[in-house]
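> Sharing structure_0.pdb, PDB, C-alpha atoms:
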ATOM      1  CA  MET A1352     -35.522  19.110  18.758
ATOM      2  CA  GLN A1353     -32.636  18.628  21.166
ATOM      3  CA  LEU A1354     -31.086  15.161  21.250
ATOM      4  CA  GLU A1355     -29.240  15.529  24.559
ATOM      5  CA  GLY A1356     -30.363  12.797  26.925
ATOM      6  CA  ARG A1357     -32.659  11.182  24.348
ATOM      7  CA  LYS A1358     -32.733   7.392  24.364
ATOM      8  CA  ILE A1359     -32.275   6.270  20.773
ATOM      9  CA  ALA A1360     -32.201   2.751  19.326
ATOM     10  CA  VAL A1361     -30.484   2.248  15.953
ATOM     11  CA  THR A1362     -30.615  -0.943  13.896
ATOM     12  CA  GLY A1363     -27.603  -1.501  11.681
ATOM     13  CA  GLY A1364     -25.636   0.823  13.931
ATOM     14  CA  SER A1365     -22.325  -0.942  13.280
ATOM     15  CA  GLY A1366     -22.432  -0.467   9.503
ATOM     16  CA  GLY A1367     -20.913   2.097   7.188
ATOM     17  CA  ILE A1368     -23.595   4.745   7.658
ATOM     18  CA  GLY A1369     -24.791   3.462  11.021
ATOM     19  CA  SER A1370     -21.485   3.804  12.856
ATOM     20  CA  LEU A1371     -21.121   7.400  11.640
ATOM     21  CA  LEU A1372     -24.702   8.250  12.560
ATOM     22  CA  CYS A1373     -24.334   6.740  16.036
ATOM     23  CA  ARG A1374     -21.158   8.731  16.584
ATOM     24  CA  ASN A1375     -22.996  11.927  15.627
ATOM     25  CA  LEU A1376     -25.903  11.048  17.899
ATOM     26  CA  PHE A1377     -23.516  10.398  20.782
ATOM     27  CA  LEU A1378     -21.724  13.701  20.197
ATOM     28  CA  ALA A1379     -25.134  15.391  20.307
ATOM     29  CA  GLY A1380     -25.619  13.975  23.809
ATOM     30  CA  ALA A1381     -27.993  11.109  23.046
ATOM     31  CA  GLU A1382     -27.964   7.738  24.800
ATOM     32  CA  VAL A1383     -27.584   5.345  21.890
ATOM     33  CA  THR A1384     -28.323   1.627  21.741
ATOM     34  CA  VAL A1385     -26.830  -0.104  18.703
ATOM     35  CA  ILE A1386     -28.704  -3.138  17.398
ATOM     36  CA  ASP A1387     -26.580  -5.258  15.085
ATOM     37  CA  ARG A1388     -24.959  -8.649  14.684
ATOM     38  CA  CYS A1389     -21.480  -7.177  15.226
ATOM     39  CA  GLU A1390     -20.520  -4.962  18.135
ATOM     40  CA  PRO A1391     -19.464  -1.478  17.037
ATOM     41  CA  THR A1392     -15.879  -0.428  17.611
ATOM     42  CA  GLY A1393     -14.803   2.923  18.973
ATOM     43  CA  LEU A1394     -18.334   3.969  19.937
ATOM     44  CA  ALA A1395     -19.437   4.815  23.473
ATOM     45  CA  THR A1396     -22.841   3.220  23.026
ATOM     46  CA  TYR A1397     -24.908   0.404  24.436
ATOM     47  CA  PHE A1398     -24.956  -2.761  22.323
ATOM     48  CA  LEU A1399     -27.832  -5.155  21.763
ATOM     49  CA  PRO A1400     -26.756  -8.149  19.669
ATOM     50  CA  GLY A1401     -29.571  -8.870  17.276
ATOM     51  CA  ASP A1402     -30.078 -10.716  14.001
ATOM     52  CA  LEU A1403     -32.881  -9.109  11.993
ATOM     53  CA  SER A1404     -32.639 -11.605   9.122
ATOM     54  CA  THR A1405     -35.103 -14.088  10.637
ATOM     55  CA  PRO A1406     -38.591 -13.671  12.140
ATOM     56  CA  SER A1407     -37.401 -15.116  15.450
ATOM     57  CA  GLY A1408     -34.465 -12.715  15.538
ATOM     58  CA  VAL A1409     -36.724  -9.755  14.841
ATOM     59  CA  GLN A1410     -39.121 -10.875  17.553
ATOM     60  CA  TYR A1411     -36.288 -11.117  20.085
ATOM     61  CA  VAL A1412     -35.251  -7.518  19.398
ATOM     62  CA  ALA A1413     -38.874  -6.335  19.400
ATOM     63  CA  ASP A1414     -39.490  -7.915  22.813
ATOM     64  CA  TYR A1415     -36.343  -6.285  24.185
ATOM     65  CA  LEU A1416     -37.242  -2.826  22.872
ATOM     66  CA  SER A1417     -40.754  -3.082  24.266
ATOM     67  CA  ARG A1418     -39.249  -3.383  27.780
ATOM     68  CA  MET A1419     -36.808  -0.476  27.496
ATOM     69  CA  ARG A1420     -37.400   3.230  27.060
ATOM     70  CA  VAL A1421     -37.063   4.188  23.394
ATOM     71  CA  GLU A1422     -37.729   7.808  22.510
ATOM     72  CA  ILE A1423     -36.431   7.571  18.943
ATOM     73  CA  LEU A1424     -36.255   4.383  16.889
ATOM     74  CA  ILE A1425     -34.059   4.478  13.779
ATOM     75  CA  ASN A1426     -34.569   1.580  11.362
ATOM     76  CA  LEU A1427     -31.360   1.693   9.341
ATOM     77  CA  ALA A1428     -30.403  -1.960   8.821
ATOM     78  CA  GLY A1429     -30.793  -3.137   5.246
ATOM     79  CA  ILE A1430     -29.512  -5.493   2.560
ATOM     80  CA  GLN A1431     -29.851  -5.574  -1.220
ATOM     81  CA  TYR A1432     -29.732  -7.921  -4.167
ATOM     82  CA  PHE A1433     -28.482  -6.904  -7.606
ATOM     83  CA  GLY A1434     -29.118  -9.399 -10.363
ATOM     84  CA  LEU A1435     -31.736 -11.188 -12.380
ATOM     85  CA  CYS A1436     -34.838 -11.642 -10.261
ATOM     86  CA  GLU A1437     -35.125 -15.375 -11.010
ATOM     87  CA  ASN A1438     -31.552 -15.973  -9.867
ATOM     88  CA  GLU A1439     -32.084 -14.710  -6.323
ATOM     89  CA  THR A1440     -32.499 -17.601  -3.915
ATOM     90  CA  ALA A1441     -35.667 -17.964  -1.891
ATOM     91  CA  GLU A1442     -33.606 -17.676   1.291
ATOM     92  CA  HIS A1443     -32.057 -14.376   0.243
ATOM     93  CA  THR A1444     -35.392 -13.018  -0.960
ATOM     94  CA  ALA A1445     -36.893 -13.764   2.445
ATOM     95  CA  MET A1446     -33.956 -12.032   4.140
ATOM     96  CA  VAL A1447     -34.371  -8.901   2.015
ATOM     97  CA  TYR A1448     -38.012  -8.495   2.958
ATOM     98  CA  THR A1449     -37.440  -9.467   6.587
ATOM     99  CA  ILE A1450     -34.594  -7.017   7.200
ATOM    100  CA  ASN A1451     -35.792  -4.160   4.984
ATOM    101  CA  LEU A1452     -39.518  -4.222   5.703
ATOM    102  CA  MET A1453     -40.709  -6.746   8.273
ATOM    103  CA  ALA A1454     -38.192  -5.693  10.941
ATOM    104  CA  PRO A1455     -39.002  -1.943  10.783
ATOM    105  CA  VAL A1456     -42.722  -2.689  11.021
ATOM    106  CA  LEU A1457     -42.433  -5.067  13.965
ATOM    107  CA  LEU A1458     -39.965  -2.877  15.854
ATOM    108  CA  ALA A1459     -42.245   0.121  15.376
ATOM    109  CA  GLN A1460     -45.128  -1.918  16.745
ATOM    110  CA  ALA A1461     -42.999  -2.799  19.756
ATOM    111  CA  VAL A1462     -42.228   0.804  20.761
ATOM    112  CA  LEU A1463     -45.481   2.518  19.802
ATOM    113  CA  PRO A1464     -47.381   1.710  23.036
ATOM    114  CA  GLN A1465     -44.760   3.377  25.243
ATOM    115  CA  MET A1466     -44.517   6.365  22.896
ATOM    116  CA  LYS A1467     -48.285   6.794  22.991
ATOM    117  CA  ASN A1468     -48.257   6.625  26.795
ATOM    118  CA  ARG A1469     -45.684   9.433  26.909
ATOM    119  CA  GLY A1470     -47.425  11.430  24.194
ATOM    120  CA  GLN A1471     -44.242  11.779  22.171
ATOM    121  CA  GLY A1472     -41.706   9.859  20.133
ATOM    122  CA  GLN A1473     -40.173   9.516  16.701
ATOM    123  CA  ILE A1474     -39.754   6.609  14.319
ATOM    124  CA  VAL A1475     -37.162   7.077  11.584
ATOM    125  CA  ASN A1476     -37.168   4.703   8.622
ATOM    126  CA  ILE A1477     -34.224   4.764   6.236
ATOM    127  CA  GLY A1478     -35.446   3.859   2.776
ATOM    128  CA  SER A1479     -33.908   4.495  -0.621
ATOM    129  CA  THR A1480     -34.438   6.362  -3.865
ATOM    130  CA  PHE A1481     -34.905   2.825  -5.217
ATOM    131  CA  GLY A1482     -38.113   2.682  -3.190
ATOM    132  CA  SER A1483     -39.610   5.458  -5.312
ATOM    133  CA  ILE A1484     -37.957   4.664  -8.641
ATOM    134  CA  SER A1485     -38.019   0.892  -9.028
ATOM    135  CA  PHE A1486     -34.795  -0.099 -10.736
ATOM    136  CA  ALA A1487     -34.415  -3.158 -12.922
ATOM    137  CA  HIS A1488     -32.219  -5.867 -11.397
ATOM    138  CA  PHE A1489     -32.974  -4.541  -7.899
ATOM    139  CA  ALA A1490     -36.526  -5.931  -7.840
ATOM    140  CA  THR A1491     -36.712  -7.205  -4.264
ATOM    141  CA  TYR A1492     -34.673  -4.331  -2.851
ATOM    142  CA  SER A1493     -36.760  -1.692  -4.632
ATOM    143  CA  SER A1494     -40.056  -3.296  -3.660
ATOM    144  CA  SER A1495     -39.046  -3.728  -0.018
ATOM    145  CA  LYS A1496     -38.067  -0.059   0.210
ATOM    146  CA  ALA A1497     -41.290   0.956  -1.561
ATOM    147  CA  GLY A1498     -43.162  -0.933   1.120
ATOM    148  CA  LEU A1499     -41.197   0.862   3.830
ATOM    149  CA  ARG A1500     -42.056   4.224   2.311
ATOM    150  CA  SER A1501     -45.758   3.356   2.179
ATOM    151  CA  PHE A1502     -45.680   2.046   5.754
ATOM    152  CA  SER A1503     -44.038   5.257   6.946
ATOM    153  CA  GLU A1504     -46.678   7.415   5.296
ATOM    154  CA  ALA A1505     -49.589   5.367   6.628
ATOM    155  CA  LEU A1506     -48.148   5.184  10.153
ATOM    156  CA  ARG A1507     -47.487   8.938  10.188
ATOM    157  CA  ARG A1508     -51.144   9.615   9.495
ATOM    158  CA  GLU A1509     -52.168   7.135  12.170
ATOM    159  CA  VAL A1510     -50.046   8.375  15.078
ATOM    160  CA  LYS A1511     -49.753  12.123  14.528
ATOM    161  CA  GLN A1512     -52.488  12.811  17.094
ATOM    162  CA  HIS A1513     -50.354  11.024  19.715
ATOM    163  CA  GLY A1514     -47.384  13.365  19.344
ATOM    164  CA  ILE A1515     -45.363  10.762  17.449
ATOM    165  CA  GLY A1516     -43.454  11.760  14.338
ATOM    166  CA  VAL A1517     -42.542   9.413  11.503
ATOM    167  CA  THR A1518     -39.589  10.360   9.311
ATOM    168  CA  TYR A1519     -38.786   8.627   6.031
ATOM    169  CA  ILE A1520     -35.333   9.296   4.568
ATOM    170  CA  ALA A1521     -34.359   8.074   1.111
ATOM    171  CA  PRO A1522     -30.655   8.283   0.234
ATOM    172  CA  ARG A1523     -29.480   7.559  -3.292
ATOM    173  CA  ALA A1524     -26.504   5.215  -3.820
ATOM    174  CA  VAL A1525     -23.908   5.449  -1.025
ATOM    175  CA  ARG A1526     -20.295   4.229  -0.979
ATOM    176  CA  THR A1527     -20.637   1.479   1.627
ATOM    177  CA  PRO A1528     -19.825  -2.267   1.767
ATOM    178  CA  ILE A1529     -23.502  -3.066   1.005
ATOM    179  CA  ASN A1530     -22.560  -2.564  -2.648
ATOM    180  CA  SER A1531     -21.185  -5.682  -4.309
ATOM    181  CA  GLU A1532     -18.332  -5.603  -6.814
ATOM    182  CA  LEU A1533     -20.909  -5.989  -9.579
ATOM    183  CA  VAL A1534     -22.859  -2.964  -8.320
ATOM    184  CA  MET A1535     -19.689  -0.886  -8.300
ATOM    185  CA  ARG A1536     -18.924  -1.968 -11.866
ATOM    186  CA  LEU A1537     -22.404  -0.863 -12.905
ATOM    187  CA  ALA A1538     -22.007   2.439 -11.063
ATOM    188  CA  LYS A1539     -18.799   3.149 -12.945
ATOM    189  CA  GLN A1540     -20.226   2.250 -16.355
ATOM    190  CA  ILE A1541     -23.396   4.332 -16.042
ATOM    191  CA  LYS A1542     -21.706   7.100 -14.037
ATOM    192  CA  MET A1543     -24.063   6.602 -11.107
ATOM    193  CA  ASN A1544     -24.086   9.358  -8.500
ATOM    194  CA  MET A1545     -22.838   8.001  -5.178
ATOM    195  CA  ASP A1546     -22.651   9.889  -1.906
ATOM    196  CA  GLU A1547     -20.149   9.493   0.908
ATOM    197  CA  PRO A1548     -21.517   7.841   4.069
ATOM    198  CA  ASP A1549     -20.443  10.677   6.387
ATOM    199  CA  TRP A1550     -22.518  13.189   4.376
ATOM    200  CA  VAL A1551     -25.530  10.864   4.421
ATOM    201  CA  ALA A1552     -25.186  10.374   8.181
ATOM    202  CA  GLU A1553     -25.190  14.155   8.639
ATOM    203  CA  GLN A1554     -28.364  14.515   6.556
ATOM    204  CA  ILE A1555     -30.099  11.814   8.588
ATOM    205  CA  LEU A1556     -29.155  13.599  11.791
ATOM    206  CA  LYS A1557     -30.566  16.905  10.490
ATOM    207  CA  ALA A1558     -33.819  15.223   9.461
ATOM    208  CA  ILE A1559     -34.200  13.736  12.941
ATOM    209  CA  VAL A1560     -33.484  17.009  14.725
ATOM    210  CA  HIS A1561     -35.984  18.904  12.565
ATOM    211  CA  ARG A1562     -38.525  16.045  12.660
ATOM    212  CA  LYS A1563     -38.847  16.039   8.904
ATOM    213  CA  LYS A1564     -41.506  13.914   7.251
ATOM    214  CA  ASP A1565     -40.020  12.831   3.918
ATOM    215  CA  VAL A1566     -36.434  13.524   2.896
ATOM    216  CA  PHE A1567     -34.970  12.522  -0.477
ATOM    217  CA  LEU A1568     -31.238  12.974  -0.841
ATOM    218  CA  GLY A1569     -29.378  13.894  -4.007
ATOM    219  CA  PHE A1570     -30.106  15.757  -7.206
ATOM    220  CA  PRO A1571     -31.309  14.925  -9.843
ATOM    221  CA  GLU A1572     -32.576  11.740  -8.173
ATOM    222  CA  LYS A1573     -35.109  13.506  -5.960
ATOM    223  CA  PHE A1574     -36.396  15.323  -9.051
ATOM    224  CA  PHE A1575     -36.872  11.999 -10.856
ATOM    225  CA  VAL A1576     -38.786  10.700  -7.822
ATOM    226  CA  ARG A1577     -41.435  13.331  -8.522
ATOM    227  CA  ILE A1578     -41.415  12.672 -12.256
ATOM    228  CA  ASN A1579     -41.746   8.918 -11.711
ATOM    229  CA  ALA A1580     -44.783   9.440  -9.469
ATOM    230  CA  VAL A1581     -46.647  11.253 -12.263
ATOM    231  CA  PHE A1582     -45.073  10.077 -15.517
ATOM    232  CA  PRO A1583     -43.469   6.669 -14.888
ATOM    233  CA  ARG A1584     -43.279   5.836 -18.612
ATOM    234  CA  LEU A1585     -40.958   8.794 -19.131
ATOM    235  CA  VAL A1586     -38.643   7.340 -16.518
ATOM    236  CA  ASP A1587     -38.863   3.965 -18.279
ATOM    237  CA  LYS A1588     -37.332   5.581 -21.348
ATOM    238  CA  ALA A1589     -34.743   7.499 -19.352
ATOM    239  CA  LEU A1590     -33.524   4.317 -17.648
ATOM    240  CA  ALA A1591     -33.654   2.034 -20.678
ATOM    241  CA  GLY A1592     -30.007   2.570 -21.589
ATOM    242  CA  ASN A1593     -28.823   1.875 -18.035
ATOM    243  CA  ASP A1594     -30.968  -1.257 -17.877
ATOM    244  CA  THR A1595     -29.305  -2.576 -21.029
ATOM    245  CA  ILE A1596     -25.834  -1.926 -19.606
ATOM    246  CA  ALA A1597     -26.791  -3.689 -16.376
ATOM    247  CA  ALA A1598     -28.134  -6.710 -18.269
ATOM    248  CA  ARG A1599     -24.804  -7.082 -20.071
ATOM    249  CA  LEU A1600     -23.002  -7.491 -16.743
ATOM    250  CA  PHE A1601     -24.799 -10.798 -16.220
ATOM    251  CA  ASN A1602     -23.708 -12.148 -19.595
ATOM    252  CA  GLY A1603     -20.059 -11.471 -19.444
TER
END
Mind converting the file's structure to structure tokens?

Amino acid sequence: MQLEGRKIAVTGGSGGIGSLLCRNLFLAGAEVTVIDRCEPTGLATYFLPGDLSTPSGVQYVADYLSRMRVEILINLAGIQYFGLCENETAEHTAMVYTINLMAPVLLAQAVLPQMKNRGQGQIVNIGSTFGSISFAHFATYSSSKAGLRSFSEALRREVKQHGIGVTYIAPRAVRTPINSELVMRLAKQIKMNMDEPDWVAEQILKAIVHRKKDVFLGFPEKFFVRINAVFPRLVDKALAGNDTIAARLFNG
């Protein structure tokens, strides 16, 4: 699929991966609208200030998108929490589910009618390997991304007869500011594979162009995704050592 002239809306377009992806989309000739709290710098794009951390903020963006032409919607915005589940505040828990799951669903609902009327469109949801392999100490993040994966699959089956594609892309860990200092300490101790954001942005672009359905980035993580789907107890054992190391970070 050619992206030249395509009208594309990207949430989280000012972030580490988002800014690189929007640059690539612009270079491919697309008309890009960045949806974020902070205006992107150095990007020749349109900017829609939007806060996806609250239901009212999501609704504002949804109403705006429903009135503009959106040929491709990319739900990239996301936040995470790393720590003991009981220590996460109720406010932060609500934000995780609102940004990571509620916003993509409501924004998809907002643009689907116009896509159906045109008989074409694409919704791209950026998930995570953590949405297929639920990691200890990332309980709300993993479960929100698991929900996004399930939503993507269900929606794909629902809208395929309308010429609308749904792409779900699951990167593994990426070197971006979303990772706290504690996450980076864990990554170093367990030798976690982490990809560079420019490479991830390139893979997202390729998946959009080729209208892929499900894309899992990184080996052996994408192999473990398949193993976890069939033999989750094996993955329990494989991750046990890492879980113990992570637990120690909270006690010292």
> Atom CA of A:Phe1567 to atom CA of A:Arg1523: how many Å, to one decimal?
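For atom CA of A:Phe1567 relative to atom CA of A:Arg1523, the distance reads 7.9 Å.
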> Can you work out which one of A:Thr1362, A:Val1447, A:Val1409, A:Leu1371 has the shortest atom-to-atom distance to A:Leu1427, counting only C-alpha atoms?
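Closest residue, counting only C-alpha atoms: A:Thr1362.
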> Leaving out A:Ile1430 and any residue of its chain fewer than 2 positions from it, which residues lie within 9 Å of it when counting all atoms listed in the file, given as number ranges by chain?
A: 1428, 1432, 1446-1447, 1450-1451, 1492, 1529
> If you apply the PyMOL selection byres ((chain A and resi 1544) around 10) to this file, what residues do you get, as number ranges by chain?
A: 1523-1526, 1538-1539, 1541-1543, 1545-1546, 1569-1572
> List the spatial neighbours of A:Tyr1415 as a VMD selection string - criterion: any atom at most 12 Å away, all atoms listed in the file, same-chain residues fewer than 2 positions off excluded.
chain A and resid 1360 1384 1386 1399 to 1401 1408 to 1413 1417 to 1421 1457 to 1458 1461 to 1462
> Tell me, in Å to one decimal, how far atom CA of A:Thr1396 is from atom CA of A:Lys1511.
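A separation of 29.6 Å between them.
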> Looking at A:Glu1442, A:Arg1357, A:Val1576, A:Thr1392, which one is nearest to A:Leu1378, with distances taken over only C-alpha atoms?
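Of all the options, A:Arg1357 lies closest to A:Leu1378.
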> Pick out the closest residue to A:Phe1601 from this set: A:Leu1452, A:Leu1533, A:Asp1414, A:Thr1480. Count all atoms listed in the file.
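Ranking A:Leu1452, A:Leu1533, A:Asp1414, A:Thr1480 by distance to A:Phe1601, first place goes to A:Leu1533.
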> Please, could N, CA and C atoms be added to stretch 1494-1526 of chain A and the result written as a PDB file, in the frame of the given file?

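Here's the written file part_12.pdb:
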ATOM      1  N   SER A1494     -38.697  -3.080  -4.167  1.00  0.00           N
ATOM      2  CA  SER A1494     -40.056  -3.296  -3.660  1.00  0.00           C
ATOM      3  C   SER A1494     -40.114  -3.291  -2.141  1.00  0.00           C
ATOM      4  N   SER A1495     -39.051  -3.767  -1.489  1.00  0.00           N
ATOM      5  CA  SER A1495     -39.046  -3.728  -0.018  1.00  0.00           C
ATOM      6  C   SER A1495     -38.960  -2.295   0.488  1.00  0.00           C
ATOM      7  N   LYS A1496     -38.182  -1.458  -0.191  1.00  0.00           N
ATOM      8  CA  LYS A1496     -38.067  -0.059   0.210  1.00  0.00           C
ATOM      9  C   LYS A1496     -39.329   0.723  -0.150  1.00  0.00           C
ATOM     10  N   ALA A1497     -40.008   0.338  -1.232  1.00  0.00           N
ATOM     11  CA  ALA A1497     -41.290   0.956  -1.561  1.00  0.00           C
ATOM     12  C   ALA A1497     -42.308   0.651  -0.477  1.00  0.00           C
ATOM     13  N   GLY A1498     -42.273  -0.568   0.022  1.00  0.00           N
ATOM     14  CA  GLY A1498     -43.162  -0.933   1.120  1.00  0.00           C
ATOM     15  C   GLY A1498     -42.865  -0.138   2.377  1.00  0.00           C
ATOM     16  N   LEU A1499     -41.582   0.090   2.643  1.00  0.00           N
ATOM     17  CA  LEU A1499     -41.197   0.862   3.830  1.00  0.00           C
ATOM     18  C   LEU A1499     -41.668   2.302   3.710  1.00  0.00           C
ATOM     19  N   ARG A1500     -41.579   2.855   2.512  1.00  0.00           N
ATOM     20  CA  ARG A1500     -42.056   4.224   2.311  1.00  0.00           C
ATOM     21  C   ARG A1500     -43.559   4.310   2.548  1.00  0.00           C
ATOM     22  N   SER A1501     -44.311   3.356   2.006  1.00  0.00           N
ATOM     23  CA  SER A1501     -45.758   3.356   2.179  1.00  0.00           C
ATOM     24  C   SER A1501     -46.142   3.169   3.640  1.00  0.00           C
ATOM     25  N   PHE A1502     -45.425   2.264   4.325  1.00  0.00           N
ATOM     26  CA  PHE A1502     -45.680   2.046   5.754  1.00  0.00           C
ATOM     27  C   PHE A1502     -45.441   3.326   6.545  1.00  0.00           C
ATOM     28  N   SER A1503     -44.367   4.019   6.230  1.00  0.00           N
ATOM     29  CA  SER A1503     -44.038   5.257   6.946  1.00  0.00           C
ATOM     30  C   SER A1503     -45.137   6.297   6.785  1.00  0.00           C
ATOM     31  N   GLU A1504     -45.634   6.431   5.561  1.00  0.00           N
ATOM     32  CA  GLU A1504     -46.678   7.415   5.296  1.00  0.00           C
ATOM     33  C   GLU A1504     -47.974   7.068   6.025  1.00  0.00           C
ATOM     34  N   ALA A1505     -48.358   5.796   5.965  1.00  0.00           N
ATOM     35  CA  ALA A1505     -49.589   5.367   6.628  1.00  0.00           C
ATOM     36  C   ALA A1505     -49.480   5.514   8.147  1.00  0.00           C
ATOM     37  N   LEU A1506     -48.332   5.100   8.706  1.00  0.00           N
ATOM     38  CA  LEU A1506     -48.148   5.184  10.153  1.00  0.00           C
ATOM     39  C   LEU A1506     -48.137   6.635  10.611  1.00  0.00           C
ATOM     40  N   ARG A1507     -47.519   7.517   9.838  1.00  0.00           N
ATOM     41  CA  ARG A1507     -47.487   8.938  10.188  1.00  0.00           C
ATOM     42  C   ARG A1507     -48.900   9.487  10.352  1.00  0.00           C
ATOM     43  N   ARG A1508     -49.761   9.143   9.427  1.00  0.00           N
ATOM     44  CA  ARG A1508     -51.144   9.615   9.495  1.00  0.00           C
ATOM     45  C   ARG A1508     -51.886   9.025  10.687  1.00  0.00           C
ATOM     46  N   GLU A1509     -51.484   7.827  11.077  1.00  0.00           N
ATOM     47  CA  GLU A1509     -52.168   7.135  12.170  1.00  0.00           C
ATOM     48  C   GLU A1509     -51.787   7.666  13.546  1.00  0.00           C
ATOM     49  N   VAL A1510     -50.529   8.060  13.724  1.00  0.00           N
ATOM     50  CA  VAL A1510     -50.046   8.375  15.078  1.00  0.00           C
ATOM     51  C   VAL A1510     -49.805   9.858  15.325  1.00  0.00           C
ATOM     52  N   LYS A1511     -50.077  10.702  14.350  1.00  0.00           N
ATOM     53  CA  LYS A1511     -49.753  12.123  14.528  1.00  0.00           C
ATOM     54  C   LYS A1511     -50.506  12.739  15.704  1.00  0.00           C
ATOM     55  N   GLN A1512     -51.717  12.242  15.984  1.00  0.00           N
ATOM     56  CA  GLN A1512     -52.488  12.811  17.094  1.00  0.00           C
ATOM     57  C   GLN A1512     -51.936  12.402  18.452  1.00  0.00           C
ATOM     58  N   HIS A1513     -50.958  11.482  18.456  1.00  0.00           N
ATOM     59  CA  HIS A1513     -50.354  11.024  19.715  1.00  0.00           C
ATOM     60  C   HIS A1513     -49.011  11.701  19.972  1.00  0.00           C
ATOM     61  N   GLY A1514     -48.658  12.673  19.157  1.00  0.00           N
ATOM     62  CA  GLY A1514     -47.384  13.365  19.344  1.00  0.00           C
ATOM     63  C   GLY A1514     -46.193  12.593  18.826  1.00  0.00           C
ATOM     64  N   ILE A1515     -46.434  11.599  17.982  1.00  0.00           N
ATOM     65  CA  ILE A1515     -45.363  10.762  17.449  1.00  0.00           C
ATOM     66  C   ILE A1515     -45.091  11.159  16.003  1.00  0.00           C
ATOM     67  N   GLY A1516     -43.836  11.425  15.698  1.00  0.00           N
ATOM     68  CA  GLY A1516     -43.454  11.760  14.338  1.00  0.00           C
ATOM     69  C   GLY A1516     -42.877  10.553  13.626  1.00  0.00           C
ATOM     70  N   VAL A1517     -43.118  10.478  12.331  1.00  0.00           N
ATOM     71  CA  VAL A1517     -42.542   9.413  11.503  1.00  0.00           C
ATOM     72  C   VAL A1517     -41.761  10.067  10.366  1.00  0.00           C
ATOM     73  N   THR A1518     -40.480   9.785  10.310  1.00  0.00           N
ATOM     74  CA  THR A1518     -39.589  10.360   9.311  1.00  0.00           C
ATOM     75  C   THR A1518     -39.130   9.282   8.347  1.00  0.00           C
ATOM     76  N   TYR A1519     -39.267   9.546   7.056  1.00  0.00           N
ATOM     77  CA  TYR A1519     -38.786   8.627   6.031  1.00  0.00           C
ATOM     78  C   TYR A1519     -37.670   9.324   5.262  1.00  0.00           C
ATOM     79  N   ILE A1520     -36.496   8.701   5.228  1.00  0.00           N
ATOM     80  CA  ILE A1520     -35.333   9.296   4.568  1.00  0.00           C
ATOM     81  C   ILE A1520     -34.864   8.356   3.466  1.00  0.00           C
ATOM     82  N   ALA A1521     -34.723   8.895   2.256  1.00  0.00           N
ATOM     83  CA  ALA A1521     -34.359   8.074   1.111  1.00  0.00           C
ATOM     84  C   ALA A1521     -33.045   8.555   0.499  1.00  0.00           C
ATOM     85  N   PRO A1522     -31.925   7.957   0.890  1.00  0.00           N
ATOM     86  CA  PRO A1522     -30.655   8.283   0.234  1.00  0.00           C
ATOM     87  C   PRO A1522     -30.633   7.687  -1.178  1.00  0.00           C
ATOM     88  N   ARG A1523     -29.770   8.228  -2.030  1.00  0.00           N
ATOM     89  CA  ARG A1523     -29.480   7.559  -3.292  1.00  0.00           C
ATOM     90  C   ARG A1523     -28.312   6.604  -3.019  1.00  0.00           C
ATOM     91  N   ALA A1524     -27.608   6.159  -4.033  1.00  0.00           N
ATOM     92  CA  ALA A1524     -26.504   5.215  -3.820  1.00  0.00           C
ATOM     93  C   ALA A1524     -25.435   5.827  -2.905  1.00  0.00           C
ATOM     94  N   VAL A1525     -24.911   5.003  -1.995  1.00  0.00           N
ATOM     95  CA  VAL A1525     -23.908   5.449  -1.025  1.00  0.00           C
ATOM     96  C   VAL A1525     -22.708   4.499  -1.090  1.00  0.00           C
ATOM     97  N   ARG A1526     -21.512   5.044  -0.928  1.00  0.00           N
ATOM     98  CA  ARG A1526     -20.295   4.229  -0.979  1.00  0.00           C
ATOM     99  C   ARG A1526     -20.101   3.464   0.332  1.00  0.00           C
TER     100      ARG A1526
END
